[in-house]
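**Student:** Just dropping this structure here.
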Amino acid sequence: RFGEKIVGYVRVIYVEGEASKSQYVSKGGHVVPEWLWQAGFVEAGAGAVDPDFQKAGIFLPLMQHAARVALQSGHRYMLGACSDELLDMYRSMGFYVLETRTVAPKAGWEFRSHLICLDLQELAKNPPEGRAVAAMASVVEFVGQSTSH
């Protein structure tokens, strides 16, 4: 928030193994691999930053918070989806692509969507280079310390 104005948000969705709760399956038509359904995951979705506040460094802390919520609720995996324009940003945080398809969530709105996954445990064990991915990996360390006391 900036004053009373909401300037950024990300929603964490507890899918609980039900395809109907997944916005990427039910609205995007993505196919989540069976191993991921078995492992369990949360979705970080509908994230946005107000245009006046973009490029101000707000989105990465929002994603760190979503990762903390995922871990503290017992989930190793966090799914997202993004368009071509945002893929490099998500990759810089440690996400990898599970599948790519053209989606049409609403009439007249069609785009190429990448279903992306963040393996939070693997990220902490073998963090790739980069500031954003290091920030995401630090969440795993923080949660581990906060739950071990």
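Residues are named by chain letter and number: chains run A, B, ... in the order of the structure tokens, numbers start at 1 in each chain, and ligands are numbered from 1 in the order shown.
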Would you mind listing what lies within 8 Å of stretch 53-64 of chain A as a compact mmCIF listing (two decimals) with N, CA, C and O atoms, in the first residue's frame, with only C-alpha atoms counted and same-chain residues fewer than 4 positions away left out?

**Tutor:**
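Listed below is the output, around19.txt:
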# COMPACT_ATOMS: atom_id res chain seq x y z
N VAL A 7 -0.95 -0.80 -4.27
CA VAL A 7 -0.07 -0.61 -5.42
C VAL A 7 0.51 -1.91 -5.95
O VAL A 7 1.11 -1.93 -7.02
N GLY A 8 0.33 -3.00 -5.21
CA GLY A 8 0.81 -4.28 -5.69
C GLY A 8 0.21 -5.42 -4.89
O GLY A 8 -0.13 -5.25 -3.72
N TYR A 9 0.05 -6.56 -5.54
CA TYR A 9 -0.48 -7.73 -4.84
C TYR A 9 -0.13 -8.98 -5.61
O TYR A 9 0.20 -8.94 -6.80
N VAL A 10 -0.19 -10.09 -4.92
CA VAL A 10 -0.11 -11.42 -5.53
C VAL A 10 -1.01 -12.32 -4.68
O VAL A 10 -1.07 -12.18 -3.46
N ALA A 44 0.77 -19.03 -7.31
CA ALA A 44 0.93 -17.60 -7.08
C ALA A 44 0.37 -16.95 -8.33
O ALA A 44 0.92 -17.10 -9.41
N ALA A 48 0.14 -8.29 -9.65
CA ALA A 48 0.19 -7.06 -10.43
C ALA A 48 0.76 -5.93 -9.59
O ALA A 48 0.69 -5.95 -8.36
N VAL A 49 1.34 -4.98 -10.29
CA VAL A 49 1.85 -3.75 -9.66
C VAL A 49 1.25 -2.59 -10.43
O VAL A 49 1.23 -2.58 -11.66
N ARG A 68 7.21 -17.55 0.93
CA ARG A 68 7.19 -17.81 2.38
C ARG A 68 5.88 -18.46 2.78
O ARG A 68 5.85 -19.45 3.52
N ALA A 132 17.88 -11.68 -8.03
CA ALA A 132 16.48 -12.05 -7.80
C ALA A 132 16.37 -13.48 -7.28
O ALA A 132 15.62 -13.74 -6.34
N ALA A 135 17.45 -13.68 -3.74
CA ALA A 135 16.40 -13.16 -2.85
C ALA A 135 15.34 -14.22 -2.60
O ALA A 135 14.86 -14.38 -1.47
N MET A 136 14.97 -14.96 -3.63
CA MET A 136 13.97 -16.02 -3.46
C MET A 136 14.55 -17.16 -2.61
O MET A 136 13.87 -17.68 -1.73
N VAL A 139 14.44 -16.77 1.19
CA VAL A 139 13.16 -17.06 1.85
C VAL A 139 13.19 -18.47 2.43
O VAL A 139 12.72 -18.70 3.55

**Student:** Name the residues in contact with A:Ala81 at a cut-off of 8 Å, using only C-alpha atoms, excluding same-chain residues fewer than 2 positions from it; report them as a ChimeraX atom specification.

**Tutor:** /A:24,45,79,83,113-116

**Student:** Output C-alpha atoms for every residue in the selection just made, as a CSV table (one decimal), in the first residue's frame.

**Tutor:**
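Writing the result to selection-v2.csv gives the following:
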chain,number,residue,atom,x,y,z
A,24,TYR,CA,-4.1,-22.2,-14.8
A,45,GLY,CA,-1.4,-15.8,-9.4
A,79,LEU,CA,3.2,-22.5,-9.9
A,83,SER,CA,3.2,-14.2,-21.1
A,113,SER,CA,1.1,-18.5,-21.8
A,114,HIS,CA,4.0,-20.3,-20.0
A,115,LEU,CA,3.1,-22.5,-17.0
A,116,ILE,CA,6.0,-22.0,-14.7

**Student:** Can you list, as a PyMOL selection string, every protein, DNA or RNA residue that comes within 12 Å of A:Gly80 when you count only C-alpha atoms, leaving out same-chain residues fewer than 4 positions away?

**Tutor:** chain A and resi 10-13+22-25+28+30+32+41-47+63+66-67+86-87+90-91+93-100+113-119

**Student:** Please measure the separation of atom CA of A:Phe142 and atom CA of A:Gly40, giving the value in Å to one decimal.

**Tutor:**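 Going from atom CA of A:Phe142 over to atom CA of A:Gly40 covers 21.5 Å.
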
**Student:** Pick the closest to A:Gly74 from A:Ala39, A:Leu123, A:Met89, A:Ala104: which is it, counting only C-alpha atoms?

**Tutor:**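 Selected residue with least distance to A:Gly74: A:Ala39.
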
**Student:** For the helix (DSSP H, G or I) assignment from backbone DSSP, which residues of chain A qualify? Please present them as a PDB file with N, CA and C atoms, in the first residue's frame.

**Tutor:**
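What ended up in part13.pdb:
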ATOM      1  N   ALA A  19      -8.312 -29.777  -9.643  1.00  0.00           N
ATOM      2  CA  ALA A  19      -8.114 -29.008 -10.880  1.00  0.00           C
ATOM      3  C   ALA A  19      -9.047 -27.801 -10.958  1.00  0.00           C
ATOM      4  N   SER A  20     -10.235 -27.917 -10.410  1.00  0.00           N
ATOM      5  CA  SER A  20     -11.192 -26.801 -10.482  1.00  0.00           C
ATOM      6  C   SER A  20     -10.727 -25.587  -9.674  1.00  0.00           C
ATOM      7  N   LYS A  21      -9.819 -25.796  -8.710  1.00  0.00           N
ATOM      8  CA  LYS A  21      -9.296 -24.681  -7.915  1.00  0.00           C
ATOM      9  C   LYS A  21      -8.097 -24.016  -8.588  1.00  0.00           C
ATOM     10  N   GLN A  23      -6.430 -21.875 -11.281  1.00  0.00           N
ATOM     11  CA  GLN A  23      -6.777 -20.902 -12.322  1.00  0.00           C
ATOM     12  C   GLN A  23      -6.056 -21.223 -13.621  1.00  0.00           C
ATOM     13  N   TYR A  24      -4.901 -21.847 -13.549  1.00  0.00           N
ATOM     14  CA  TYR A  24      -4.140 -22.155 -14.763  1.00  0.00           C
ATOM     15  C   TYR A  24      -4.727 -23.336 -15.520  1.00  0.00           C
ATOM     16  N   VAL A  25      -5.371 -24.248 -14.814  1.00  0.00           N
ATOM     17  CA  VAL A  25      -6.033 -25.378 -15.455  1.00  0.00           C
ATOM     18  C   VAL A  25      -7.435 -24.969 -15.894  1.00  0.00           C
ATOM     19  N   SER A  26      -8.231 -24.410 -14.964  1.00  0.00           N
ATOM     20  CA  SER A  26      -9.637 -24.134 -15.267  1.00  0.00           C
ATOM     21  C   SER A  26      -9.834 -22.961 -16.221  1.00  0.00           C
ATOM     22  N   GLU A  34       1.369 -34.916 -13.681  1.00  0.00           N
ATOM     23  CA  GLU A  34       0.835 -35.769 -12.609  1.00  0.00           C
ATOM     24  C   GLU A  34       1.744 -35.759 -11.376  1.00  0.00           C
ATOM     25  N   TRP A  35       3.074 -35.770 -11.581  1.00  0.00           N
ATOM     26  CA  TRP A  35       3.976 -35.791 -10.429  1.00  0.00           C
ATOM     27  C   TRP A  35       3.781 -34.561  -9.554  1.00  0.00           C
ATOM     28  N   LEU A  36       3.396 -33.445 -10.159  1.00  0.00           N
ATOM     29  CA  LEU A  36       3.203 -32.208  -9.399  1.00  0.00           C
ATOM     30  C   LEU A  36       1.879 -32.258  -8.624  1.00  0.00           C
ATOM     31  N   TRP A  37       0.852 -32.863  -9.231  1.00  0.00           N
ATOM     32  CA  TRP A  37      -0.399 -33.068  -8.485  1.00  0.00           C
ATOM     33  C   TRP A  37      -0.122 -33.936  -7.263  1.00  0.00           C
ATOM     34  N   GLN A  38       0.686 -34.969  -7.443  1.00  0.00           N
ATOM     35  CA  GLN A  38       1.006 -35.875  -6.332  1.00  0.00           C
ATOM     36  C   GLN A  38       1.815 -35.161  -5.242  1.00  0.00           C
ATOM     37  N   ALA A  39       2.760 -34.330  -5.654  1.00  0.00           N
ATOM     38  CA  ALA A  39       3.614 -33.620  -4.693  1.00  0.00           C
ATOM     39  C   ALA A  39       2.862 -32.514  -3.969  1.00  0.00           C
ATOM     40  N   PRO A  51       0.729   0.625 -12.456  1.00  0.00           N
ATOM     41  CA  PRO A  51       1.658   1.184 -13.451  1.00  0.00           C
ATOM     42  C   PRO A  51       2.525   2.319 -12.909  1.00  0.00           C
ATOM     43  N   ASP A  52       2.010   3.133 -12.001  1.00  0.00           N
ATOM     44  CA  ASP A  52       2.804   4.224 -11.428  1.00  0.00           C
ATOM     45  C   ASP A  52       3.925   3.724 -10.529  1.00  0.00           C
ATOM     46  N   PHE A  53       3.876   2.447 -10.122  1.00  0.00           N
ATOM     47  CA  PHE A  53       4.866   1.893  -9.198  1.00  0.00           C
ATOM     48  C   PHE A  53       5.697   0.779  -9.819  1.00  0.00           C
ATOM     49  N   PHE A  59       7.612  -5.968  -6.934  1.00  0.00           N
ATOM     50  CA  PHE A  59       7.149  -7.310  -7.279  1.00  0.00           C
ATOM     51  C   PHE A  59       7.985  -8.417  -6.642  1.00  0.00           C
ATOM     52  N   LEU A  60       9.290  -8.276  -6.601  1.00  0.00           N
ATOM     53  CA  LEU A  60      10.136  -9.314  -6.012  1.00  0.00           C
ATOM     54  C   LEU A  60       9.785  -9.554  -4.535  1.00  0.00           C
ATOM     55  N   PRO A  61       9.635  -8.522  -3.710  1.00  0.00           N
ATOM     56  CA  PRO A  61       9.215  -8.790  -2.321  1.00  0.00           C
ATOM     57  C   PRO A  61       7.830  -9.446  -2.230  1.00  0.00           C
ATOM     58  N   LEU A  62       6.931  -9.114  -3.149  1.00  0.00           N
ATOM     59  CA  LEU A  62       5.631  -9.784  -3.158  1.00  0.00           C
ATOM     60  C   LEU A  62       5.806 -11.280  -3.435  1.00  0.00           C
ATOM     61  N   MET A  63       6.674 -11.605  -4.382  1.00  0.00           N
ATOM     62  CA  MET A  63       6.906 -13.015  -4.705  1.00  0.00           C
ATOM     63  C   MET A  63       7.641 -13.719  -3.560  1.00  0.00           C
ATOM     64  N   GLN A  64       8.533 -13.015  -2.875  1.00  0.00           N
ATOM     65  CA  GLN A  64       9.188 -13.597  -1.704  1.00  0.00           C
ATOM     66  C   GLN A  64       8.142 -13.934  -0.636  1.00  0.00           C
ATOM     67  N   HIS A  65       7.196 -13.034  -0.448  1.00  0.00           N
ATOM     68  CA  HIS A  65       6.142 -13.277   0.539  1.00  0.00           C
ATOM     69  C   HIS A  65       5.300 -14.489   0.131  1.00  0.00           C
ATOM     70  N   ALA A  66       4.949 -14.583  -1.148  1.00  0.00           N
ATOM     71  CA  ALA A  66       4.180 -15.735  -1.633  1.00  0.00           C
ATOM     72  C   ALA A  66       4.962 -17.026  -1.407  1.00  0.00           C
ATOM     73  N   ALA A  67       6.269 -16.999  -1.641  1.00  0.00           N
ATOM     74  CA  ALA A  67       7.107 -18.183  -1.414  1.00  0.00           C
ATOM     75  C   ALA A  67       7.136 -18.546   0.066  1.00  0.00           C
ATOM     76  N   ARG A  68       7.209 -17.549   0.931  1.00  0.00           N
ATOM     77  CA  ARG A  68       7.187 -17.807   2.383  1.00  0.00           C
ATOM     78  C   ARG A  68       5.877 -18.464   2.781  1.00  0.00           C
ATOM     79  N   VAL A  69       4.768 -17.947   2.268  1.00  0.00           N
ATOM     80  CA  VAL A  69       3.449 -18.525   2.562  1.00  0.00           C
ATOM     81  C   VAL A  69       3.392 -19.974   2.066  1.00  0.00           C
ATOM     82  N   ALA A  70       3.907 -20.212   0.864  1.00  0.00           N
ATOM     83  CA  ALA A  70       3.917 -21.573   0.314  1.00  0.00           C
ATOM     84  C   ALA A  70       4.690 -22.518   1.236  1.00  0.00           C
ATOM     85  N   LEU A  71       5.891 -22.120   1.604  1.00  0.00           N
ATOM     86  CA  LEU A  71       6.727 -22.977   2.452  1.00  0.00           C
ATOM     87  C   LEU A  71       6.117 -23.190   3.833  1.00  0.00           C
ATOM     88  N   GLN A  72       5.646 -22.116   4.439  1.00  0.00           N
ATOM     89  CA  GLN A  72       5.102 -22.241   5.786  1.00  0.00           C
ATOM     90  C   GLN A  72       3.805 -23.037   5.820  1.00  0.00           C
ATOM     91  N   ASP A  84       4.950 -14.122 -22.717  1.00  0.00           N
ATOM     92  CA  ASP A  84       6.330 -14.056 -23.207  1.00  0.00           C
ATOM     93  C   ASP A  84       7.106 -12.888 -22.593  1.00  0.00           C
ATOM     94  N   GLU A  85       6.438 -11.733 -22.466  1.00  0.00           N
ATOM     95  CA  GLU A  85       7.123 -10.519 -21.999  1.00  0.00           C
ATOM     96  C   GLU A  85       7.641 -10.653 -20.571  1.00  0.00           C
ATOM     97  N   LEU A  86       7.017 -11.496 -19.764  1.00  0.00           N
ATOM     98  CA  LEU A  86       7.392 -11.600 -18.351  1.00  0.00           C
ATOM     99  C   LEU A  86       8.248 -12.825 -18.034  1.00  0.00           C
ATOM    100  N   LEU A  87       8.467 -13.683 -19.023  1.00  0.00           N
ATOM    101  CA  LEU A  87       9.154 -14.942 -18.773  1.00  0.00           C
ATOM    102  C   LEU A  87      10.570 -14.737 -18.233  1.00  0.00           C
ATOM    103  N   ASP A  88      11.329 -13.837 -18.792  1.00  0.00           N
ATOM    104  CA  ASP A  88      12.702 -13.622 -18.307  1.00  0.00           C
ATOM    105  C   ASP A  88      12.719 -13.158 -16.850  1.00  0.00           C
ATOM    106  N   MET A  89      11.763 -12.323 -16.456  1.00  0.00           N
ATOM    107  CA  MET A  89      11.704 -11.867 -15.080  1.00  0.00           C
ATOM    108  C   MET A  89      11.479 -13.052 -14.138  1.00  0.00           C
ATOM    109  N   TYR A  90      10.543 -13.932 -14.498  1.00  0.00           N
ATOM    110  CA  TYR A  90      10.278 -15.094 -13.642  1.00  0.00           C
ATOM    111  C   TYR A  90      11.459 -16.063 -13.639  1.00  0.00           C
ATOM    112  N   ARG A  91      12.090 -16.238 -14.773  1.00  0.00           N
ATOM    113  CA  ARG A  91      13.281 -17.099 -14.806  1.00  0.00           C
ATOM    114  C   ARG A  91      14.371 -16.551 -13.892  1.00  0.00           C
ATOM    115  N   SER A  92      14.481 -15.226 -13.820  1.00  0.00           N
ATOM    116  CA  SER A  92      15.502 -14.621 -12.956  1.00  0.00           C
ATOM    117  C   SER A  92      15.225 -14.909 -11.478  1.00  0.00           C
ATOM    118  N   LEU A 120      11.109 -24.680  -4.479  1.00  0.00           N
ATOM    119  CA  LEU A 120      11.745 -23.890  -3.431  1.00  0.00           C
ATOM    120  C   LEU A 120      12.862 -24.640  -2.722  1.00  0.00           C
ATOM    121  N   GLN A 121      12.731 -25.937  -2.532  1.00  0.00           N
ATOM    122  CA  GLN A 121      13.802 -26.700  -1.893  1.00  0.00           C
ATOM    123  C   GLN A 121      15.037 -26.773  -2.775  1.00  0.00           C
ATOM    124  N   GLU A 122      14.838 -27.049  -4.051  1.00  0.00           N
ATOM    125  CA  GLU A 122      15.969 -27.132  -4.985  1.00  0.00           C
ATOM    126  C   GLU A 122      16.648 -25.774  -5.127  1.00  0.00           C
ATOM    127  N   LEU A 123      15.855 -24.730  -5.123  1.00  0.00           N
ATOM    128  CA  LEU A 123      16.390 -23.372  -5.226  1.00  0.00           C
ATOM    129  C   LEU A 123      17.354 -23.083  -4.087  1.00  0.00           C
ATOM    130  N   ALA A 124      17.014 -23.520  -2.893  1.00  0.00           N
ATOM    131  CA  ALA A 124      17.877 -23.279  -1.738  1.00  0.00           C
ATOM    132  C   ALA A 124      19.149 -24.117  -1.793  1.00  0.00           C
ATOM    133  N   LYS A 125      19.040 -25.353  -2.331  1.00  0.00           N
ATOM    134  CA  LYS A 125      20.204 -26.241  -2.408  1.00  0.00           C
ATOM    135  C   LYS A 125      21.182 -25.811  -3.489  1.00  0.00           C
ATOM    136  N   ARG A 131      20.699 -11.770  -8.504  1.00  0.00           N
ATOM    137  CA  ARG A 131      20.141 -11.110  -7.327  1.00  0.00           C
ATOM    138  C   ARG A 131      18.732 -11.579  -7.016  1.00  0.00           C
ATOM    139  N   ALA A 132      17.883 -11.681  -8.029  1.00  0.00           N
ATOM    140  CA  ALA A 132      16.481 -12.050  -7.796  1.00  0.00           C
ATOM    141  C   ALA A 132      16.368 -13.477  -7.281  1.00  0.00           C
ATOM    142  N   VAL A 133      17.116 -14.382  -7.861  1.00  0.00           N
ATOM    143  CA  VAL A 133      17.036 -15.776  -7.429  1.00  0.00           C
ATOM    144  C   VAL A 133      17.642 -15.924  -6.034  1.00  0.00           C
ATOM    145  N   ALA A 134      18.665 -15.160  -5.718  1.00  0.00           N
ATOM    146  CA  ALA A 134      19.232 -15.184  -4.373  1.00  0.00           C
ATOM    147  C   ALA A 134      18.214 -14.684  -3.356  1.00  0.00           C
ATOM    148  N   ALA A 135      17.450 -13.681  -3.738  1.00  0.00           N
ATOM    149  CA  ALA A 135      16.398 -13.158  -2.852  1.00  0.00           C
ATOM    150  C   ALA A 135      15.340 -14.223  -2.600  1.00  0.00           C
ATOM    151  N   MET A 136      14.968 -14.961  -3.630  1.00  0.00           N
ATOM    152  CA  MET A 136      13.974 -16.025  -3.460  1.00  0.00           C
ATOM    153  C   MET A 136      14.551 -17.156  -2.606  1.00  0.00           C
ATOM    154  N   ALA A 137      15.807 -17.522  -2.840  1.00  0.00           N
ATOM    155  CA  ALA A 137      16.445 -18.590  -2.061  1.00  0.00           C
ATOM    156  C   ALA A 137      16.554 -18.202  -0.587  1.00  0.00           C
ATOM    157  N   SER A 138      16.729 -16.913  -0.301  1.00  0.00           N
ATOM    158  CA  SER A 138      16.845 -16.464   1.091  1.00  0.00           C
ATOM    159  C   SER A 138      15.565 -16.729   1.871  1.00  0.00           C
ATOM    160  N   VAL A 139      14.437 -16.772   1.185  1.00  0.00           N
ATOM    161  CA  VAL A 139      13.164 -17.058   1.848  1.00  0.00           C
ATOM    162  C   VAL A 139      13.188 -18.468   2.431  1.00  0.00           C
ATOM    163  N   VAL A 140      13.747 -19.413   1.692  1.00  0.00           N
ATOM    164  CA  VAL A 140      13.809 -20.797   2.147  1.00  0.00           C
ATOM    165  C   VAL A 140      14.645 -20.872   3.415  1.00  0.00           C
ATOM    166  N   GLU A 141      15.763 -20.184   3.425  1.00  0.00           N
ATOM    167  CA  GLU A 141      16.625 -20.164   4.612  1.00  0.00           C
ATOM    168  C   GLU A 141      15.891 -19.526   5.788  1.00  0.00           C
ATOM    169  N   PHE A 142      15.211 -18.422   5.549  1.00  0.00           N
ATOM    170  CA  PHE A 142      14.466 -17.727   6.601  1.00  0.00           C
ATOM    171  C   PHE A 142      13.384 -18.627   7.190  1.00  0.00           C
ATOM    172  N   VAL A 143      12.614 -19.271   6.337  1.00  0.00           N
ATOM    173  CA  VAL A 143      11.530 -20.125   6.813  1.00  0.00           C
ATOM    174  C   VAL A 143      12.099 -21.288   7.589  1.00  0.00           C
ATOM    175  N   GLY A 144      13.201 -21.855   7.113  1.00  0.00           N
ATOM    176  CA  GLY A 144      13.837 -22.950   7.821  1.00  0.00           C
ATOM    177  C   GLY A 144      14.279 -22.554   9.216  1.00  0.00           C
ATOM    178  N   GLN A 145      14.830 -21.352   9.344  1.00  0.00           N
ATOM    179  CA  GLN A 145      15.256 -20.862  10.652  1.00  0.00           C
ATOM    180  C   GLN A 145      14.064 -20.548  11.545  1.00  0.00           C
ATOM    181  N   SER A 146      13.025 -19.993  10.954  1.00  0.00           N
ATOM    182  CA  SER A 146      11.871 -19.590  11.775  1.00  0.00           C
ATOM    183  C   SER A 146      11.052 -20.784  12.231  1.00  0.00           C
ATOM    184  N   THR A 147      11.143 -21.913  11.540  1.00  0.00           N
ATOM    185  CA  THR A 147      10.371 -23.076  11.943  1.00  0.00           C
ATOM    186  C   THR A 147      11.201 -24.063  12.779  1.00  0.00           C
TER     187      THR A 147
END

**Student:** So which bits of chain A end up strand (DSSP E) when you DSSP the backbone, as an mmCIF file with C-alpha atoms, in the first residue's frame?

**Tutor:**
data_model
loop_
_atom_site.group_PDB
_atom_site.id
_atom_site.type_symbol
_atom_site.label_atom_id
_atom_site.label_comp_id
_atom_site.auth_asym_id
_atom_site.auth_seq_id
_atom_site.Cartn_x
_atom_site.Cartn_y
_atom_site.Cartn_z
ATOM 1 C CA GLY A 8 0.810 -4.282 -5.692
ATOM 2 C CA TYR A 9 -0.482 -7.727 -4.845
ATOM 3 C CA VAL A 10 -0.113 -11.418 -5.525
ATOM 4 C CA ARG A 11 -2.688 -14.061 -4.665
ATOM 5 C CA VAL A 12 -1.695 -17.463 -3.210
ATOM 6 C CA ILE A 13 -4.173 -20.168 -4.178
ATOM 7 C CA TYR A 14 -4.357 -23.436 -2.274
ATOM 8 C CA PHE A 41 1.616 -27.101 -4.925
ATOM 9 C CA VAL A 42 0.212 -23.646 -4.478
ATOM 10 C CA GLU A 43 -0.366 -21.129 -7.234
ATOM 11 C CA ALA A 44 0.930 -17.596 -7.082
ATOM 12 C CA GLY A 45 -1.413 -15.807 -9.389
ATOM 13 C CA ALA A 46 -3.016 -12.593 -10.475
ATOM 14 C CA GLY A 47 0.031 -10.658 -9.348
ATOM 15 C CA ALA A 48 0.193 -7.059 -10.434
ATOM 16 C CA VAL A 49 1.846 -3.755 -9.664
ATOM 17 C CA TYR A 77 6.328 -26.085 -5.293
ATOM 18 C CA MET A 78 4.779 -22.824 -6.414
ATOM 19 C CA LEU A 79 3.201 -22.512 -9.862
ATOM 20 C CA GLY A 80 2.630 -19.425 -11.911
ATOM 21 C CA ALA A 81 1.885 -18.533 -15.493
ATOM 22 C CA CYS A 82 3.081 -15.644 -17.577
ATOM 23 C CA SER A 83 3.199 -14.215 -21.065
ATOM 24 C CA TYR A 96 11.310 -22.887 -15.004
ATOM 25 C CA VAL A 97 8.812 -23.637 -17.776
ATOM 26 C CA LEU A 98 6.601 -26.719 -17.516
ATOM 27 C CA GLU A 99 4.619 -26.079 -20.706
ATOM 28 C CA THR A 100 3.683 -23.352 -23.166
ATOM 29 C CA ARG A 101 0.355 -22.955 -24.930
ATOM 30 C CA THR A 102 -1.953 -20.344 -26.400
ATOM 31 C CA VAL A 103 -4.692 -19.517 -23.914
ATOM 32 C CA ALA A 104 -7.915 -17.542 -24.174
ATOM 33 C CA PRO A 105 -9.087 -16.831 -20.613
ATOM 34 C CA LYS A 106 -11.763 -14.399 -21.851
ATOM 35 C CA TRP A 109 -8.099 -12.092 -25.035
ATOM 36 C CA GLU A 110 -5.674 -14.659 -26.387
ATOM 37 C CA PHE A 111 -1.950 -14.928 -25.681
ATOM 38 C CA ARG A 112 0.929 -17.366 -25.360
ATOM 39 C CA SER A 113 1.124 -18.532 -21.760
ATOM 40 C CA HIS A 114 3.969 -20.315 -20.009
ATOM 41 C CA LEU A 115 3.089 -22.519 -17.036
ATOM 42 C CA ILE A 116 6.038 -22.013 -14.709
ATOM 43 C CA CYS A 117 7.190 -23.741 -11.544
ATOM 44 C CA LEU A 118 9.448 -22.785 -8.671
ATOM 45 C CA ASP A 119 10.957 -25.667 -6.678
#

**Student:** Please, what distance in Å, to one decimal, runs between atom CA of A:Asp50 and atom CA of A:Lys5?

**Tutor:**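 Interatomic distance here is 9.5 Å.
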
**Student:** Interatomic distance between atom CA of A:Glu16 and atom CA of A:His75?

**Tutor:**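 Computing the Euclidean distance for atom CA of A:Glu16 and atom CA of A:His75 yields 10.4 Å.
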